[in-house]
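S.K.: The structure file query_9.cif (mmCIF, C-alpha atoms) is provided below.
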data_final
loop_
_atom_site.group_PDB
_atom_site.id
_atom_site.type_symbol
_atom_site.label_atom_id
_atom_site.label_comp_id
_atom_site.auth_asym_id
_atom_site.auth_seq_id
_atom_site.Cartn_x
_atom_site.Cartn_y
_atom_site.Cartn_z
ATOM 1 C CA MET P 1 -81.420 61.751 80.768
ATOM 2 C CA LYS P 2 -82.210 64.299 78.094
ATOM 3 C CA MET P 3 -80.345 67.595 78.274
ATOM 4 C CA ILE P 4 -81.611 70.738 76.531
ATOM 5 C CA LYS P 5 -79.401 73.802 76.228
ATOM 6 C CA LYS P 6 -81.205 76.958 77.343
ATOM 7 C CA SER P 7 -79.381 78.979 74.715
ATOM 8 C CA LEU P 8 -81.213 77.013 72.017
ATOM 9 C CA ILE P 9 -84.786 77.300 73.279
ATOM 10 C CA GLN P 10 -85.397 81.022 73.610
ATOM 11 C CA SER P 11 -87.293 81.450 70.356
ATOM 12 C CA ASP P 12 -91.055 80.983 70.672
ATOM 13 C CA LYS P 13 -90.920 77.927 68.413
ATOM 14 C CA HIS P 14 -88.343 76.133 70.516
ATOM 15 C CA LYS P 15 -90.067 77.028 73.773
ATOM 16 C CA GLN P 16 -93.309 75.591 72.424
ATOM 17 C CA ASN P 17 -91.570 72.406 71.283
ATOM 18 C CA CYS P 18 -90.094 71.940 74.742
ATOM 19 C CA LEU P 19 -93.468 72.444 76.406
ATOM 20 C CA VAL P 20 -95.207 70.021 74.058
ATOM 21 C CA GLU P 21 -92.639 67.326 74.751
ATOM 22 C CA LYS P 22 -92.903 67.823 78.490
ATOM 23 C CA ASN P 23 -96.722 67.721 78.398
ATOM 24 C CA ILE P 24 -96.805 64.548 76.313
ATOM 25 C CA LEU P 25 -94.327 62.802 78.596
ATOM 26 C CA LEU P 26 -96.095 63.889 81.785
ATOM 27 C CA ASN P 27 -99.516 62.812 80.534
ATOM 28 C CA SER P 28 -98.563 59.549 78.823
ATOM 29 C CA ILE P 29 -99.095 56.300 80.698
ATOM 30 C CA ASN P 30 -98.156 53.551 78.281
ATOM 31 C CA PRO P 31 -95.516 50.796 78.372
ATOM 32 C CA PHE P 32 -94.206 51.826 74.943
ATOM 33 C CA ILE P 33 -93.740 55.531 75.725
ATOM 34 C CA ILE P 34 -90.687 56.548 77.712
ATOM 35 C CA LYS P 35 -91.565 57.707 81.219
ATOM 36 C CA LEU P 36 -90.629 61.144 82.554
ATOM 37 C CA TYR P 37 -89.836 61.058 86.274
ATOM 38 C CA TYR P 38 -88.910 64.655 86.932
ATOM 39 C CA THR P 39 -87.207 67.725 85.499
ATOM 40 C CA PHE P 40 -84.619 70.151 86.809
ATOM 41 C CA GLN P 41 -82.260 72.840 85.571
ATOM 42 C CA ASP P 42 -78.957 74.558 86.120
ATOM 43 C CA ASN P 43 -77.624 77.804 84.701
ATOM 44 C CA ASN P 44 -77.086 76.352 81.239
ATOM 45 C CA ASN P 45 -79.428 73.421 80.682
ATOM 46 C CA LEU P 46 -82.811 71.867 81.299
ATOM 47 C CA TYR P 47 -82.869 68.178 82.192
ATOM 48 C CA PHE P 48 -85.484 65.478 81.656
ATOM 49 C CA ILE P 49 -84.977 62.420 83.866
ATOM 50 C CA LEU P 50 -86.356 59.483 81.898
ATOM 51 C CA ASP P 51 -86.489 55.695 81.973
ATOM 52 C CA TYR P 52 -83.115 54.009 81.798
ATOM 53 C CA VAL P 53 -83.212 51.980 78.586
ATOM 54 C CA GLU P 54 -80.251 49.638 78.586
ATOM 55 C CA GLN P 55 -79.715 48.703 74.936
ATOM 56 C CA GLY P 56 -79.805 52.199 73.492
ATOM 57 C CA ASP P 57 -81.582 53.195 70.301
ATOM 58 C CA LEU P 58 -82.778 51.133 67.363
ATOM 59 C CA TYR P 59 -80.450 52.937 64.950
ATOM 60 C CA HIS P 60 -77.293 51.682 66.667
ATOM 61 C CA PHE P 61 -78.923 48.350 67.408
ATOM 62 C CA LEU P 62 -79.589 47.809 63.688
ATOM 63 C CA LEU P 63 -76.179 49.140 62.735
ATOM 64 C CA ASN P 64 -74.594 46.422 64.822
ATOM 65 C CA ASN P 65 -77.068 43.545 64.488
ATOM 66 C CA LEU P 66 -78.988 43.896 61.225
ATOM 67 C CA LYS P 67 -77.442 40.763 59.707
ATOM 68 C CA ASN P 68 -78.367 38.737 62.794
ATOM 69 C CA LEU P 69 -81.920 40.041 63.094
ATOM 70 C CA SER P 70 -84.573 37.368 62.716
ATOM 71 C CA GLU P 71 -87.919 37.944 61.054
ATOM 72 C CA LYS P 72 -89.632 37.143 64.353
ATOM 73 C CA TYR P 73 -87.706 39.862 66.170
ATOM 74 C CA THR P 74 -88.496 42.388 63.433
ATOM 75 C CA VAL P 75 -92.210 41.611 63.761
ATOM 76 C CA PHE P 76 -91.852 41.901 67.542
ATOM 77 C CA ILE P 77 -90.278 45.378 67.299
ATOM 78 C CA ILE P 78 -92.676 46.744 64.671
ATOM 79 C CA ALA P 79 -95.716 45.498 66.605
ATOM 80 C CA GLN P 80 -94.578 47.393 69.699
ATOM 81 C CA ILE P 81 -94.102 50.594 67.711
ATOM 82 C CA ILE P 82 -97.675 50.200 66.476
ATOM 83 C CA LEU P 83 -98.973 49.976 70.048
ATOM 84 C CA GLY P 84 -97.029 53.100 70.970
ATOM 85 C CA LEU P 85 -98.381 55.015 67.973
ATOM 86 C CA GLN P 86 -101.897 53.768 68.659
ATOM 87 C CA TYR P 87 -101.725 55.254 72.152
ATOM 88 C CA LEU P 88 -100.403 58.582 70.858
ATOM 89 C CA HIS P 89 -103.055 58.868 68.156
ATOM 90 C CA GLU P 90 -105.895 57.912 70.507
ATOM 91 C CA ASN P 91 -104.769 60.776 72.734
ATOM 92 C CA ASN P 92 -104.624 63.247 69.824
ATOM 93 C CA TYR P 93 -100.834 63.332 69.541
ATOM 94 C CA ILE P 94 -99.031 63.225 66.203
ATOM 95 C CA TYR P 95 -95.465 62.010 66.664
ATOM 96 C CA ARG P 96 -93.939 63.530 63.484
ATOM 97 C CA ASP P 97 -90.424 62.254 64.187
ATOM 98 C CA LEU P 98 -90.623 58.472 64.241
ATOM 99 C CA LYS P 99 -87.178 57.154 63.304
ATOM 100 C CA PRO P 100 -84.760 54.496 64.598
ATOM 101 C CA GLU P 101 -82.860 57.023 66.738
ATOM 102 C CA ASN P 102 -86.045 57.742 68.723
ATOM 103 C CA ILE P 103 -86.895 54.100 69.415
ATOM 104 C CA LEU P 104 -85.129 52.812 72.522
ATOM 105 C CA ILE P 105 -84.735 49.140 73.461
ATOM 106 C CA ASN P 106 -84.514 47.797 77.003
ATOM 107 C CA ARG P 107 -82.697 44.695 78.219
ATOM 108 C CA LYS P 108 -85.802 42.530 77.677
ATOM 109 C CA GLY P 109 -86.093 43.568 74.026
ATOM 110 C CA TYR P 110 -89.070 45.873 74.543
ATOM 111 C CA ILE P 111 -89.141 49.360 73.067
ATOM 112 C CA LYS P 112 -89.864 52.862 74.286
ATOM 113 C CA LEU P 113 -90.712 55.740 71.957
ATOM 114 C CA ALA P 114 -88.778 58.867 72.916
ATOM 115 C CA ASP P 115 -88.130 62.474 71.875
ATOM 116 C CA PHE P 116 -91.407 64.311 71.316
ATOM 117 C CA GLY P 117 -89.922 67.729 70.586
ATOM 118 C CA LEU P 118 -91.516 67.835 67.122
ATOM 119 C CA SER P 119 -94.825 66.296 68.139
ATOM 120 C CA LYS P 120 -98.194 67.980 67.745
ATOM 121 C CA ILE P 121 -101.047 67.971 70.240
ATOM 122 C CA LYS P 122 -104.272 68.174 68.229
ATOM 123 C CA THR P 123 -106.900 70.493 69.661
ATOM 124 C CA GLU P 124 -109.706 69.083 67.532
ATOM 125 C CA LYS P 125 -110.292 65.649 66.032
ATOM 126 C CA GLU P 126 -110.087 66.943 62.466
ATOM 127 C CA ASP P 127 -107.220 69.321 63.159
ATOM 128 C CA LYS P 128 -104.644 69.396 60.352
ATOM 129 C CA CYS P 129 -100.972 70.253 60.707
ATOM 130 C CA GLN P 130 -99.227 72.697 58.394
ATOM 131 C CA THR P 131 -95.708 72.842 59.842
ATOM 132 C CA ILE P 132 -92.994 71.241 57.738
ATOM 133 C CA CYS P 133 -90.926 69.243 60.208
ATOM 134 C CA GLY P 134 -89.476 65.822 60.817
ATOM 135 C CA THR P 135 -86.411 63.874 59.731
ATOM 136 C CA LEU P 136 -85.898 63.842 55.990
ATOM 137 C CA TYR P 137 -85.855 60.130 55.143
ATOM 138 C CA TYR P 138 -88.880 59.412 57.342
ATOM 139 C CA MET P 139 -91.101 62.354 56.319
ATOM 140 C CA ALA P 140 -94.338 61.534 54.517
ATOM 141 C CA PRO P 141 -94.678 63.340 51.161
ATOM 142 C CA GLU P 142 -97.817 65.216 52.234
ATOM 143 C CA ILE P 143 -95.840 67.096 54.897
ATOM 144 C CA MET P 144 -94.047 68.950 52.114
ATOM 145 C CA PHE P 145 -96.484 68.813 49.210
ATOM 146 C CA GLU P 146 -100.053 68.780 50.601
ATOM 147 C CA SER P 147 -101.468 72.310 50.821
ATOM 148 C CA GLN P 148 -104.464 71.130 52.876
ATOM 149 C CA GLY P 149 -102.209 69.948 55.704
ATOM 150 C CA TYR P 150 -101.659 66.490 57.131
ATOM 151 C CA ASP P 151 -102.709 64.313 60.052
ATOM 152 C CA GLU P 152 -101.425 61.403 62.130
ATOM 153 C CA SER P 153 -101.217 59.113 59.096
ATOM 154 C CA VAL P 154 -97.744 60.601 58.526
ATOM 155 C CA ASP P 155 -96.606 58.371 61.402
ATOM 156 C CA TRP P 156 -97.718 55.255 59.518
ATOM 157 C CA TRP P 157 -95.609 56.356 56.553
ATOM 158 C CA SER P 158 -92.591 56.687 58.877
ATOM 159 C CA LEU P 159 -93.269 53.190 60.205
ATOM 160 C CA GLY P 160 -93.254 51.916 56.629
ATOM 161 C CA ILE P 161 -89.873 53.531 56.012
ATOM 162 C CA ILE P 162 -88.437 51.894 59.142
ATOM 163 C CA LEU P 163 -89.763 48.503 58.069
ATOM 164 C CA TYR P 164 -88.349 49.061 54.570
ATOM 165 C CA GLU P 165 -84.985 50.015 56.089
ATOM 166 C CA ILE P 166 -84.797 46.865 58.218
ATOM 167 C CA TYR P 167 -85.327 44.649 55.165
ATOM 168 C CA HIS P 168 -83.206 46.661 52.729
ATOM 169 C CA GLY P 169 -80.452 48.039 54.955
ATOM 170 C CA LEU P 170 -81.107 51.697 54.053
ATOM 171 C CA PRO P 171 -84.138 53.976 53.585
ATOM 172 C CA PRO P 172 -85.444 54.474 50.021
ATOM 173 C CA PHE P 173 -83.454 56.870 47.811
ATOM 174 C CA TYR P 174 -80.670 57.057 50.405
ATOM 175 C CA GLN P 175 -78.086 57.861 47.733
ATOM 176 C CA SER P 176 -79.958 60.908 46.413
ATOM 177 C CA LYS P 177 -77.880 64.074 46.281
ATOM 178 C CA ASN P 178 -80.005 66.570 48.183
ATOM 179 C CA GLN P 179 -83.025 66.885 50.437
ATOM 180 C CA MET P 180 -85.476 68.208 47.861
ATOM 181 C CA GLU P 181 -84.540 65.417 45.461
ATOM 182 C CA ILE P 182 -85.408 62.817 48.095
ATOM 183 C CA LEU P 183 -88.756 64.433 48.894
ATOM 184 C CA GLN P 184 -89.615 64.763 45.207
ATOM 185 C CA LYS P 185 -88.836 61.090 44.651
ATOM 186 C CA TYR P 186 -91.059 60.149 47.590
ATOM 187 C CA ASN P 187 -93.824 62.213 46.015
ATOM 188 C CA GLU P 188 -93.372 61.242 42.371
ATOM 189 C CA GLU P 189 -91.650 57.870 42.095
ATOM 190 C CA GLN P 190 -92.710 54.384 43.075
ATOM 191 C CA ILE P 191 -90.658 52.963 45.932
ATOM 192 C CA GLN P 192 -89.190 49.665 44.799
ATOM 193 C CA ILE P 193 -89.449 46.813 47.308
ATOM 194 C CA ASN P 194 -87.192 43.773 46.923
ATOM 195 C CA SER P 195 -89.132 40.830 45.556
ATOM 196 C CA ASP P 196 -87.198 38.281 47.622
ATOM 197 C CA ILE P 197 -88.337 39.445 51.069
ATOM 198 C CA ASN P 198 -91.204 37.901 53.021
ATOM 199 C CA PRO P 199 -94.412 38.467 50.981
ATOM 200 C CA ASN P 200 -96.293 39.608 54.089
ATOM 201 C CA ALA P 201 -93.584 42.154 54.888
ATOM 202 C CA ARG P 202 -93.541 43.305 51.285
ATOM 203 C CA ASP P 203 -97.314 43.772 51.275
ATOM 204 C CA LEU P 204 -97.292 45.710 54.549
ATOM 205 C CA ILE P 205 -94.489 48.012 53.383
ATOM 206 C CA HIS P 206 -96.419 48.665 50.176
ATOM 207 C CA LYS P 207 -99.604 49.514 52.085
ATOM 208 C CA LEU P 208 -97.824 51.773 54.579
ATOM 209 C CA LEU P 209 -95.992 53.683 51.847
ATOM 210 C CA GLN P 210 -99.031 54.808 49.896
ATOM 211 C CA LYS P 211 -98.520 58.402 48.794
ATOM 212 C CA LYS P 212 -102.153 59.387 49.342
ATOM 213 C CA PRO P 213 -102.892 59.314 53.091
ATOM 214 C CA LYS P 214 -106.435 58.008 52.558
ATOM 215 C CA ASP P 215 -105.015 54.984 50.729
ATOM 216 C CA ARG P 216 -102.489 54.263 53.472
ATOM 217 C CA ILE P 217 -103.166 51.370 55.810
ATOM 218 C CA GLY P 218 -103.958 52.700 59.271
ATOM 219 C CA TYR P 219 -105.704 55.808 57.956
ATOM 220 C CA GLN P 220 -109.139 54.455 58.816
ATOM 221 C CA ASN P 221 -108.272 52.305 61.803
ATOM 222 C CA VAL P 222 -105.131 50.980 63.460
ATOM 223 C CA ASP P 223 -106.777 47.547 63.573
ATOM 224 C CA ASP P 224 -106.296 47.339 59.804
ATOM 225 C CA ILE P 225 -102.561 47.205 60.505
ATOM 226 C CA LYS P 226 -102.788 44.944 63.552
ATOM 227 C CA ASN P 227 -104.918 42.447 61.608
ATOM 228 C CA HIS P 228 -102.445 42.307 58.713
ATOM 229 C CA SER P 229 -101.048 38.838 58.043
ATOM 230 C CA TYR P 230 -97.540 40.078 58.906
ATOM 231 C CA PHE P 231 -98.626 40.009 62.565
ATOM 232 C CA LYS P 232 -100.460 36.677 62.457
ATOM 233 C CA ASP P 233 -98.320 35.250 65.281
ATOM 234 C CA ILE P 234 -98.607 38.279 67.588
ATOM 235 C CA ASN P 235 -100.807 38.104 70.668
ATOM 236 C CA TRP P 236 -101.522 41.810 71.034
ATOM 237 C CA LYS P 237 -102.792 41.589 74.604
ATOM 238 C CA LYS P 238 -99.735 39.698 75.827
ATOM 239 C CA LEU P 239 -97.474 42.053 73.900
ATOM 240 C CA TYR P 240 -99.091 45.079 75.551
ATOM 241 C CA ASN P 241 -98.689 43.457 78.967
ATOM 242 C CA GLN P 242 -95.078 42.643 78.046
ATOM 243 C CA SER P 243 -95.580 39.026 79.007
ATOM 244 C CA LEU P 244 -94.152 37.760 75.711
ATOM 245 C CA LYS P 245 -90.498 36.838 75.646
ATOM 246 C CA ALA P 246 -88.557 38.654 72.945
ATOM 247 C CA PRO P 247 -87.360 36.374 70.129
ATOM 248 C CA LYS P 248 -83.697 35.545 70.526
ATOM 249 C CA ILE P 249 -81.071 37.285 68.422
ATOM 250 C CA HIS P 250 -78.182 34.943 67.679
ATOM 251 C CA ASN P 251 -74.679 36.410 67.981
ATOM 252 C CA LEU P 252 -76.051 39.611 69.505
ATOM 253 C CA ASN P 253 -73.388 42.312 69.327
ATOM 254 C CA LYS P 254 -73.723 44.767 72.197
ATOM 255 C CA SER P 255 -70.641 46.885 71.518
ATOM 256 C CA LEU P 256 -72.703 49.804 70.235
ATOM 257 C CA ALA P 257 -75.686 49.291 72.501
ATOM 258 C CA LYS P 258 -75.544 52.104 74.998
ATOM 259 C CA THR P 259 -77.756 54.674 76.618
ATOM 260 C CA GLU P 260 -76.514 58.211 76.330
ATOM 261 C CA ILE P 261 -77.434 61.685 77.444
ATOM 262 C CA PHE P 262 -79.782 62.862 74.711
ATOM 263 C CA ASN P 263 -78.549 66.312 73.787
ATOM 264 C CA PHE P 264 -80.985 68.728 72.136
ATOM 265 C CA LYS P 265 -79.363 70.137 68.994
ATOM 266 C CA GLU P 266 -80.930 72.817 66.866
ATOM 267 C CA ASP P 267 -79.694 75.276 64.279
ATOM 268 C CA ASN P 268 -79.194 78.411 66.382
ATOM 269 C CA GLU P 269 -80.189 80.949 63.754
ATOM 270 C CA HIS P 270 -82.365 83.100 66.008
ATOM 271 C CA GLN P 271 -81.164 86.002 68.135
ATOM 272 C CA ILE P 272 -81.117 84.937 71.782
ATOM 273 C CA SER P 273 -83.117 87.040 74.238
ATOM 274 C CA SER P 274 -81.927 87.428 77.832
ATOM 275 C CA TYR P 275 -84.811 85.637 79.557
ATOM 276 C CA CYS P 276 -86.782 82.469 78.964
ATOM 277 C CA LYS P 277 -89.539 80.884 81.052
ATOM 278 C CA ILE P 278 -90.863 77.430 80.253
ATOM 279 C CA SER P 279 -93.620 76.182 82.530
ATOM 280 C CA ASN P 280 -91.932 75.244 85.805
ATOM 281 C CA PHE P 281 -88.558 75.737 84.150
ATOM 282 C CA THR P 282 -87.365 79.317 84.651
ATOM 283 C CA CYS P 283 -84.031 80.295 83.282
ATOM 284 C CA SER P 284 -82.161 83.541 82.835
ATOM 285 C CA ASN P 285 -78.869 84.338 81.161
ATOM 286 C CA ASN P 286 -78.141 86.538 84.148
ATOM 287 C CA GLN P 287 -78.675 83.867 86.818
#
As structure tokens, please, write out the structure in this file.
M.R.:
Amino acid sequence: MKMIKKSLIQSDKHKQNCLVEKNILLNSINPFIIKLYYTFQDNNNLYFILDYVEQGDLYHFLLNNLKNLSEKYTVFIIAQIILGLQYLHENNYIYRDLKPENILINRKGYIKLADFGLSKIKTEKEDKCQTICGTLYYMAPEIMFESQGYDESVDWWSLGIILYEIYHGLPPFYQSKNQMEILQKYNEEQIQINSDINPNARDLIHKLLQKKPKDRIGYQNVDDIKNHSYFKDINWKKLYNQSLKAPKIHNLNKSLAKTEIFNFKEDNEHQISSYCKISNFTCSNNQ
């Protein structure tokens, strides 16, 4: 269940974000996108009733199991994320907040992408985004530095950061002192990839983390990624049908694997008005 505080969604921006997320969830039919069953509200909150995903999010999963993670399981996870992103992009959605916390894992080892509050629904095929948003370590450099806007290729950059993080333990430039320093390094410096990791993984990370979107793998066609040698053992049809058995993780530690109420948190810097209506959600501070 995802809970959203009404007191935090009364600005136009936050209302729009909530509507976009609801529309994406209602209209998405894909095994790698979390399913919305219904919504309801009380005096203080809106609620999204979603799939129950037993093993929690990828962030905590990696925190507890990174040392035990096999290469096969990493390929298995990344391939599923690709299928989820492919579906979003084919339906003119830009995720804009792909990160381990938004990737949920069920008991069979399959993933669900969740939390579309920062996503963009493109109105035209060539529509460009201008809004600076996302999670710092996973933001593509063009989101901050490209005056002409950006497109869905920012999601492939985020995928590259996640893959980098799995192999290196942390995102690039994690020890940098402030946000602008990190973004400037993404834009100006070459990301160093350990030479001792799988050459196919190294090559894919390099191709996903190209600073110029047009040079980034996936910009032209998602099949360029799916045909990469890193996925040579993946049967994409069976993966989509979820008929593949997840590779085993030895000594799996489940102590941090949990599914929580996802609580919408936002910097409440805007003055709150007394009334807010969001689609079939209607809420009033005077209810």
S.K.: If we draw a sphere of 12 Å around (-88.2, 58.5, 87.0), which residues have at least one atom in it when counting all atoms listed in the file? Please report them as an MDAnalysis selection string.
M.R.: chainID P and resid 1 25:26 34:39 48:53
S.K.: What's around Leu113 (chain P) at 7 Å? Count only C-alpha atoms, leave out sequence neighbours fewer than 2 positions away in its own chain, and write the answer as a list in words.
M.R.: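 With the cut-off at 7 Å, the set is Phe32, Ile33, Ile34, Gly84, Asn102, Ile103, Leu104 and Ile111 of chain P.
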S.K.: Written as a PyMOL selection string, what is the full residue list that the PyMOL selection byres ((chain P and resi 202) around 12) yields on the file shown?
M.R.: chain P and resi 160-161+163-168+191-201+203-209+228-230
S.K.: Please report the interatomic distance between CA of Ile94 (chain P) and CA of Leu239 (chain P) in Å with one decimal.
M.R.: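 Between CA of Ile94 (chain P) and CA of Leu239 (chain P) the gap is 22.6 Å.
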S.K.: Could you work out how far CA of Lys5 (chain P) lies from CA of Tyr47 (chain P), giving the answer in Å with one decimal?
M.R.: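 For CA of Tyr47 (chain P) relative to CA of Lys5 (chain P), the distance reads 8.9 Å.
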S.K.: Could you check the closest approach to Lys112 (chain P) for each of P:Gln130, P:Asn64, P:Ser158, P:Asn30 and tell me which residue wins, using only C-alpha atoms?
M.R.: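 Comparing P:Gln130, P:Asn64, P:Ser158, P:Asn30 against Lys112 (chain P), the winner is P:Asn30.
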S.K.: What's the separation between CA of Leu46 (chain P) and CA of Ser119 (chain P), in Å to one decimal place?
M.R.: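 CA of Ser119 (chain P) lies at a distance of 18.7 Å from CA of Leu46 (chain P).
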S.K.: How would you write, as a compact mmCIF listing (two decimals) with C-alpha atoms, in the coordinates of the input, the residues chosen by the PyMOL selection byres ((chain P and resi 249) around 12) on this structure?
M.R.:
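Done, and the output landed in result_4.txt:
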# COMPACT_ATOMS: atom_id res chain seq x y z
CA PHE P 61 -78.92 48.35 67.41
CA LEU P 62 -79.59 47.81 63.69
CA ASN P 64 -74.59 46.42 64.82
CA ASN P 65 -77.07 43.54 64.49
CA LEU P 66 -78.99 43.90 61.22
CA LYS P 67 -77.44 40.76 59.71
CA ASN P 68 -78.37 38.74 62.79
CA LEU P 69 -81.92 40.04 63.09
CA SER P 70 -84.57 37.37 62.72
CA GLU P 71 -87.92 37.94 61.05
CA LYS P 72 -89.63 37.14 64.35
CA TYR P 73 -87.71 39.86 66.17
CA THR P 74 -88.50 42.39 63.43
CA PHE P 76 -91.85 41.90 67.54
CA LYS P 108 -85.80 42.53 77.68
CA GLY P 109 -86.09 43.57 74.03
CA LYS P 245 -90.50 36.84 75.65
CA ALA P 246 -88.56 38.65 72.94
CA PRO P 247 -87.36 36.37 70.13
CA LYS P 248 -83.70 35.54 70.53
CA HIS P 250 -78.18 34.94 67.68
CA ASN P 251 -74.68 36.41 67.98
CA LEU P 252 -76.05 39.61 69.50
CA ASN P 253 -73.39 42.31 69.33
CA LYS P 254 -73.72 44.77 72.20
S.K.: First collect every listed atom of region 40-44 of chain P; then fit an axis-aligned box around them, widen it by 5 Å on each side, and give centre and edge lengths in Å to one decimal, as JSON.
M.R.:
{"center_x": -80.9, "center_y": 74.0, "center_z": 84.0, "size_x": 17.5, "size_y": 17.7, "size_z": 15.6}
S.K.: Written as a list in words, which residues does the PyMOL selection byres ((chain P and resi 213) around 10) give for the file shown?
M.R.: Ala140, Pro141, Glu142, Tyr150, Asp151, Glu152, Ser153, Val154, Trp156, Trp157, Leu208, Leu209, Gln210, Lys211, Lys212, Lys214, Asp215, Arg216, Ile217, Gly218, Tyr219 and Gln220 of chain P
S.K.: Can you give me N, CA and C atoms for region 96-116 of chain P, written as an mmCIF file, keeping the file's coordinate frame?
M.R.:
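Writing done, so here's out-v2.cif:
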data_model
loop_
_atom_site.group_PDB
_atom_site.id
_atom_site.type_symbol
_atom_site.label_atom_id
_atom_site.label_comp_id
_atom_site.auth_asym_id
_atom_site.auth_seq_id
_atom_site.Cartn_x
_atom_site.Cartn_y
_atom_site.Cartn_z
ATOM 1 N N ARG P 96 -94.629 62.723 64.495
ATOM 2 C CA ARG P 96 -93.939 63.530 63.484
ATOM 3 C C ARG P 96 -92.424 63.338 63.433
ATOM 4 N N ASP P 97 -91.867 62.497 64.276
ATOM 5 C CA ASP P 97 -90.424 62.254 64.187
ATOM 6 C C ASP P 97 -90.087 60.809 64.543
ATOM 7 N N LEU P 98 -90.904 59.890 64.034
ATOM 8 C CA LEU P 98 -90.623 58.472 64.241
ATOM 9 C C LEU P 98 -89.439 58.073 63.369
ATOM 10 N N LYS P 99 -88.388 57.598 64.000
ATOM 11 C CA LYS P 99 -87.178 57.154 63.304
ATOM 12 C C LYS P 99 -86.410 56.236 64.251
ATOM 13 N N PRO P 100 -85.466 55.447 63.736
ATOM 14 C CA PRO P 100 -84.760 54.496 64.598
ATOM 15 C C PRO P 100 -84.058 55.135 65.791
ATOM 16 N N GLU P 101 -83.562 56.364 65.633
ATOM 17 C CA GLU P 101 -82.860 57.023 66.738
ATOM 18 C C GLU P 101 -83.779 57.334 67.914
ATOM 19 N N ASN P 102 -85.084 57.406 67.668
ATOM 20 C CA ASN P 102 -86.045 57.742 68.723
ATOM 21 C C ASN P 102 -86.772 56.524 69.282
ATOM 22 N N ILE P 103 -86.318 55.350 68.909
ATOM 23 C CA ILE P 103 -86.895 54.100 69.415
ATOM 24 C C ILE P 103 -85.841 53.428 70.288
ATOM 25 N N LEU P 104 -86.101 53.360 71.577
ATOM 26 C CA LEU P 104 -85.129 52.812 72.522
ATOM 27 C C LEU P 104 -85.512 51.385 72.901
ATOM 28 N N ILE P 105 -84.515 50.562 73.183
ATOM 29 C CA ILE P 105 -84.735 49.140 73.461
ATOM 30 C C ILE P 105 -84.173 48.796 74.834
ATOM 31 N N ASN P 106 -85.002 48.163 75.668
ATOM 32 C CA ASN P 106 -84.514 47.797 77.003
ATOM 33 C C ASN P 106 -83.892 46.398 76.995
ATOM 34 N N ARG P 107 -83.438 45.961 78.140
ATOM 35 C CA ARG P 107 -82.697 44.695 78.219
ATOM 36 C C ARG P 107 -83.564 43.486 77.903
ATOM 37 N N LYS P 108 -84.897 43.635 77.986
ATOM 38 C CA LYS P 108 -85.802 42.530 77.677
ATOM 39 C C LYS P 108 -86.226 42.520 76.209
ATOM 40 N N GLY P 109 -85.747 43.502 75.433
ATOM 41 C CA GLY P 109 -86.093 43.568 74.026
ATOM 42 C C GLY P 109 -87.338 44.370 73.731
ATOM 43 N N TYR P 110 -87.886 45.031 74.743
ATOM 44 C CA TYR P 110 -89.070 45.873 74.543
ATOM 45 C C TYR P 110 -88.651 47.311 74.269
ATOM 46 N N ILE P 111 -89.508 48.022 73.533
ATOM 47 C CA ILE P 111 -89.141 49.360 73.067
ATOM 48 C C ILE P 111 -89.855 50.455 73.855
ATOM 49 N N LYS P 112 -89.256 51.638 73.775
ATOM 50 C CA LYS P 112 -89.864 52.862 74.286
ATOM 51 C C LYS P 112 -89.709 53.933 73.210
ATOM 52 N N LEU P 113 -90.801 54.593 72.853
ATOM 53 C CA LEU P 113 -90.712 55.740 71.957
ATOM 54 C C LEU P 113 -90.268 56.946 72.767
ATOM 55 N N ALA P 114 -89.355 57.737 72.196
ATOM 56 C CA ALA P 114 -88.778 58.867 72.916
ATOM 57 C C ALA P 114 -88.663 60.072 71.987
ATOM 58 N N ASP P 115 -88.384 61.215 72.576
ATOM 59 C CA ASP P 115 -88.130 62.474 71.875
ATOM 60 C C ASP P 115 -89.379 62.980 71.150
ATOM 61 N N PHE P 116 -90.154 63.784 71.850
ATOM 62 C CA PHE P 116 -91.407 64.311 71.316
ATOM 63 C C PHE P 116 -91.333 65.812 71.048
#
